[in-house]
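Chemist: Quick one, data_21.tsv (TSV, C-alpha atoms):
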chain	number	residue	atom	x	y	z
A	1	MET	CA	-55.39	32.05	1.26
A	2	THR	CA	-54.64	28.38	1.50
A	3	ASP	CA	-53.67	27.19	4.98
A	4	PHE	CA	-49.91	27.86	4.90
A	5	GLN	CA	-47.79	27.94	8.04
A	6	TYR	CA	-44.12	28.65	8.55
A	7	TYR	CA	-42.42	25.47	9.72
A	8	PHE	CA	-39.19	24.50	11.45
A	9	HIS	CA	-38.07	20.92	12.09
A	10	GLN	CA	-35.21	19.21	13.91
A	11	LEU	CA	-32.78	17.93	11.25
A	12	PRO	CA	-29.16	16.76	11.43
A	13	CYS	CA	-26.28	19.22	11.54
A	14	PHE	CA	-24.75	19.38	8.05
A	15	ASN	CA	-21.25	19.11	9.52
A	16	CYS	CA	-21.26	16.39	12.21
A	17	LYS	CA	-24.51	14.83	10.93
A	18	LYS	CA	-25.30	13.64	14.48
A	19	THR	CA	-26.71	16.53	16.48
A	20	THR	CA	-30.13	17.77	15.41
A	21	VAL	CA	-30.80	21.48	15.07
A	22	SER	CA	-33.87	23.55	14.32
A	23	THR	CA	-34.05	23.92	10.56
A	24	ASP	CA	-36.20	26.31	8.55
A	25	LEU	CA	-38.59	24.45	6.22
A	26	GLY	CA	-40.35	27.56	4.92
A	27	TRP	CA	-44.01	28.22	4.19
A	28	LEU	CA	-45.92	24.98	3.62
A	29	THR	CA	-49.34	23.43	4.14
A	30	VAL	CA	-49.57	20.49	6.54
A	31	ALA	CA	-49.70	18.03	3.63
A	32	MET	CA	-46.69	19.67	1.96
A	33	LYS	CA	-44.75	19.58	5.24
A	34	ASP	CA	-45.46	15.87	5.70
A	35	ASP	CA	-44.35	15.16	2.13
A	36	VAL	CA	-41.20	17.29	2.50
A	37	LEU	CA	-40.25	15.54	5.74
A	38	ALA	CA	-40.76	12.11	4.12
A	39	GLN	CA	-38.43	13.12	1.27
A	40	VAL	CA	-35.85	14.53	3.70
A	41	ALA	CA	-35.99	11.33	5.78
A	42	ALA	CA	-35.31	9.26	2.65
A	43	ILE	CA	-32.34	11.47	1.72
A	44	ILE	CA	-30.91	11.25	5.25
A	45	GLU	CA	-31.47	7.48	5.36
A	46	GLN	CA	-29.35	7.17	2.21
A	47	GLY	CA	-26.58	9.05	4.06
A	48	ASN	CA	-26.61	11.85	1.51
A	49	ILE	CA	-26.58	14.78	3.94
A	50	GLN	CA	-25.46	17.92	2.13
A	51	PRO	CA	-25.67	21.51	3.44
A	52	ASP	CA	-28.61	22.12	1.07
A	53	LEU	CA	-31.26	19.47	0.47
A	54	SER	CA	-33.53	19.66	-2.54
A	55	VAL	CA	-37.02	18.18	-2.38
A	56	ASN	CA	-40.16	18.53	-4.47
A	57	VAL	CA	-43.27	20.35	-3.33
A	58	THR	CA	-46.51	19.60	-5.15
A	59	CYS	CA	-49.12	22.36	-5.19
A	60	THR	CA	-52.63	22.62	-6.53
A	61	LYS	CA	-53.29	25.57	-8.83
A	62	ASP	CA	-54.76	27.49	-5.89
A	63	GLU	CA	-51.80	26.73	-3.61
A	64	ALA	CA	-49.13	27.52	-6.22
A	65	ARG	CA	-49.63	31.30	-6.13
A	66	ASP	CA	-49.32	31.54	-2.36
A	67	TYR	CA	-46.43	29.05	-2.26
A	68	LEU	CA	-44.39	31.10	-4.75
A	69	LEU	CA	-45.18	34.47	-3.22
A	70	LEU	CA	-44.40	33.31	0.32
A	71	ASN	CA	-41.28	31.25	-0.38
A	72	PHE	CA	-39.65	32.90	-3.39
A	73	TYR	CA	-40.85	36.49	-3.33
A	74	GLY	CA	-40.75	36.93	0.43
A	75	TYR	CA	-44.28	38.14	1.02
A	76	SER	CA	-45.95	37.75	4.40
A	77	GLU	CA	-49.35	36.18	4.90
A	78	GLU	CA	-50.91	39.60	5.43
A	79	GLU	CA	-49.43	41.00	2.22
A	80	LEU	CA	-50.88	38.22	0.03
A	81	ALA	CA	-54.40	39.59	0.22
A	82	ASP	CA	-53.85	43.01	-1.30
A	83	GLN	CA	-50.21	44.10	-1.31
A	84	VAL	CA	-48.64	41.98	-4.06
A	85	GLU	CA	-46.96	44.06	-6.74
A	86	ALA	CA	-48.72	43.71	-10.10
A	87	GLU	CA	-45.52	42.76	-11.91
A	88	GLU	CA	-44.75	39.97	-9.44
A	89	GLU	CA	-48.36	38.78	-9.51
A	90	GLN	CA	-48.06	38.48	-13.31
A	91	GLU	CA	-44.70	36.65	-13.09
A	92	VAL	CA	-46.23	34.11	-10.71
A	93	ALA	CA	-49.34	33.69	-12.88
A	94	ASP	CA	-47.16	33.14	-15.96
A	95	GLU	CA	-45.01	30.55	-14.19
A	96	ILE	CA	-48.06	28.66	-12.95
A	97	ALA	CA	-49.69	28.78	-16.39
A	98	GLY	CA	-46.52	27.33	-17.90
A	99	LEU	CA	-46.42	24.51	-15.37
A	100	LEU	CA	-50.10	23.69	-15.91
A	101	ALA	CA	-50.03	24.08	-19.71
A	102	ASP	CA	-50.12	20.31	-20.19
A	103	GLY	CA	-53.49	20.15	-18.46
A	104	SER	CA	-52.08	19.02	-15.13
A	105	GLU	CA	-53.96	20.00	-11.99
A	106	THR	CA	-50.80	20.27	-9.90
A	107	ALA	CA	-47.50	22.11	-10.14
A	108	VAL	CA	-44.23	20.73	-8.77
A	109	PHE	CA	-41.58	23.08	-7.41
A	110	GLU	CA	-38.04	22.39	-6.29
A	111	HIS	CA	-37.82	23.35	-2.63
A	112	GLU	CA	-34.43	23.94	-1.01
A	113	ILE	CA	-33.80	23.31	2.67
A	114	ALA	CA	-30.57	24.67	4.13
A	115	LEU	CA	-29.34	22.47	6.95
A	116	GLN	CA	-27.82	24.28	9.91
A	117	SER	CA	-24.67	23.54	11.89
A	118	CYS	CA	-24.79	22.75	15.56
A	119	THR	CA	-22.94	24.74	18.21
A	120	ASP	CA	-20.66	21.78	18.97
A	121	CYS	CA	-19.05	21.82	15.52
A	122	GLY	CA	-17.18	25.08	16.00
A	123	ILE	CA	-17.78	26.27	12.45
A	124	ASP	CA	-17.10	29.96	11.99
Please express what this file holds, its structure, as structure tokens.

Modeler:
Amino acid sequence: MTDFQYYFHQLPCFNCKKTTVSTDLGWLTVAMKDDVLAQVAAIIEQGNIQPDLSVNVTCTKDEARDYLLLNFYGYSEEELADQVEAEEEQEVADEIAGLLADGSETAVFEHEIALQSCTDCGID
């Protein structure tokens, strides 16, 4: 397995936009995390803070399988080795093949980050 870790990062509250709160970034490699945070910083700098931020994650062919299974299919690190359902393994392989059909060495996925609200906002 590629070196994926589950990351959290302090990002602005989607309501008051001032207080920072721990926000789930998902399963990423260190390079992916750095790229995601750079994209998030650019979005925030533009003042476009929405409850859900959409960024791009670029994966190599080898990373793409694990990225999809961890983030979209909900597998754990331990399950990736030998517990992936054959049907889901095939769905992932087909999606990756489609993305790399043009001969590209990397696949780009839309990655959603749901901002959280802070406790000071009083949102129910």

Chemist: Considering all atoms listed in the file, can you say which of A:Leu69, A:Glu45, A:Trp27, A:Pro12 comes closest to Val84 of chain A?

Modeler: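 For Val84 of chain A, the nearest of the candidates is A:Leu69.
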
Chemist: If we count only C-alpha atoms, what is near Tyr75 of chain A at a cut-off of 12 Å, once residues fewer than 5 positions away on the same chain are taken out, given as a compact mmCIF listing (two decimals) with C-alpha atoms, in the coordinates of the input?

Modeler:
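So out31.txt came out as:
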# COMPACT_ATOMS: atom_id res chain seq x y z
CA GLY A 26 -40.35 27.56 4.92
CA TRP A 27 -44.01 28.22 4.19
CA ARG A 65 -49.63 31.30 -6.13
CA ASP A 66 -49.32 31.54 -2.36
CA TYR A 67 -46.43 29.05 -2.26
CA LEU A 68 -44.39 31.10 -4.75
CA LEU A 69 -45.18 34.47 -3.22
CA LEU A 70 -44.40 33.31 0.32
CA LEU A 80 -50.88 38.22 0.03
CA ALA A 81 -54.40 39.59 0.22
CA ASP A 82 -53.85 43.01 -1.30
CA GLN A 83 -50.21 44.10 -1.31
CA VAL A 84 -48.64 41.98 -4.06
CA GLU A 85 -46.96 44.06 -6.74
CA GLU A 88 -44.75 39.97 -9.44
CA GLU A 89 -48.36 38.78 -9.51

Chemist: What is the distance, in Å and to one decimal place, between atom CA of Val57 of chain A and atom CA of Val36 of chain A?

Modeler: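 About the pair atom CA of Val57 of chain A and atom CA of Val36 of chain A: they are 6.9 Å apart.
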
Chemist: Grab the atom CA of His9 of chain A to atom CA of Thr23 of chain A distance for me, in Å with one decimal place.

Modeler: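 So the answer is 5.2 Å.
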
Chemist: Provide the atom CA of Asp24 of chain A to atom CA of Val92 of chain A distance in Å, to one decimal place.

Modeler: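 About the pair atom CA of Asp24 of chain A and atom CA of Val92 of chain A: they are 23.1 Å apart.
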
Chemist: Looking at all atoms listed in the file, which of A:Cys121, A:Ala64, A:Ala42, A:Ile113 is the one that sits closest to Ala97 of chain A?

Modeler: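 Of all the options, A:Ala64 lies closest to Ala97 of chain A.
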
Chemist: May I have the protein, DNA and RNA residues with an atom at most 12 Å from (-41.7, 21.3, 8.8), counting all atoms listed in the file in the file's coordinates, returned as a PyMOL selection string?

Modeler: chain A and resi 4-11+22-41+113

Chemist: May I ask which of the residues A:Cys13, A:Ile43, A:Cys59, A:Cys118 is the closest one to Ile96 of chain A, counting all atoms listed in the file?

Modeler: A:Cys59

Chemist: Ranking A:Asp52, A:Thr19, A:Gln46, A:Asp3 by minimum distance to Ala114 of chain A and counting all atoms listed in the file, which one comes first?

Modeler: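 Of the candidates, the smallest distance to Ala114 of chain A is held by A:Asp52.
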
Chemist: So, with all atoms listed in the file as the atoms that count, which of A:Lys17, A:Lys61, A:His111, A:Glu105 lies closest to Ala93 of chain A?

Modeler: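 The answer is A:Lys61, which sits nearest to Ala93 of chain A.
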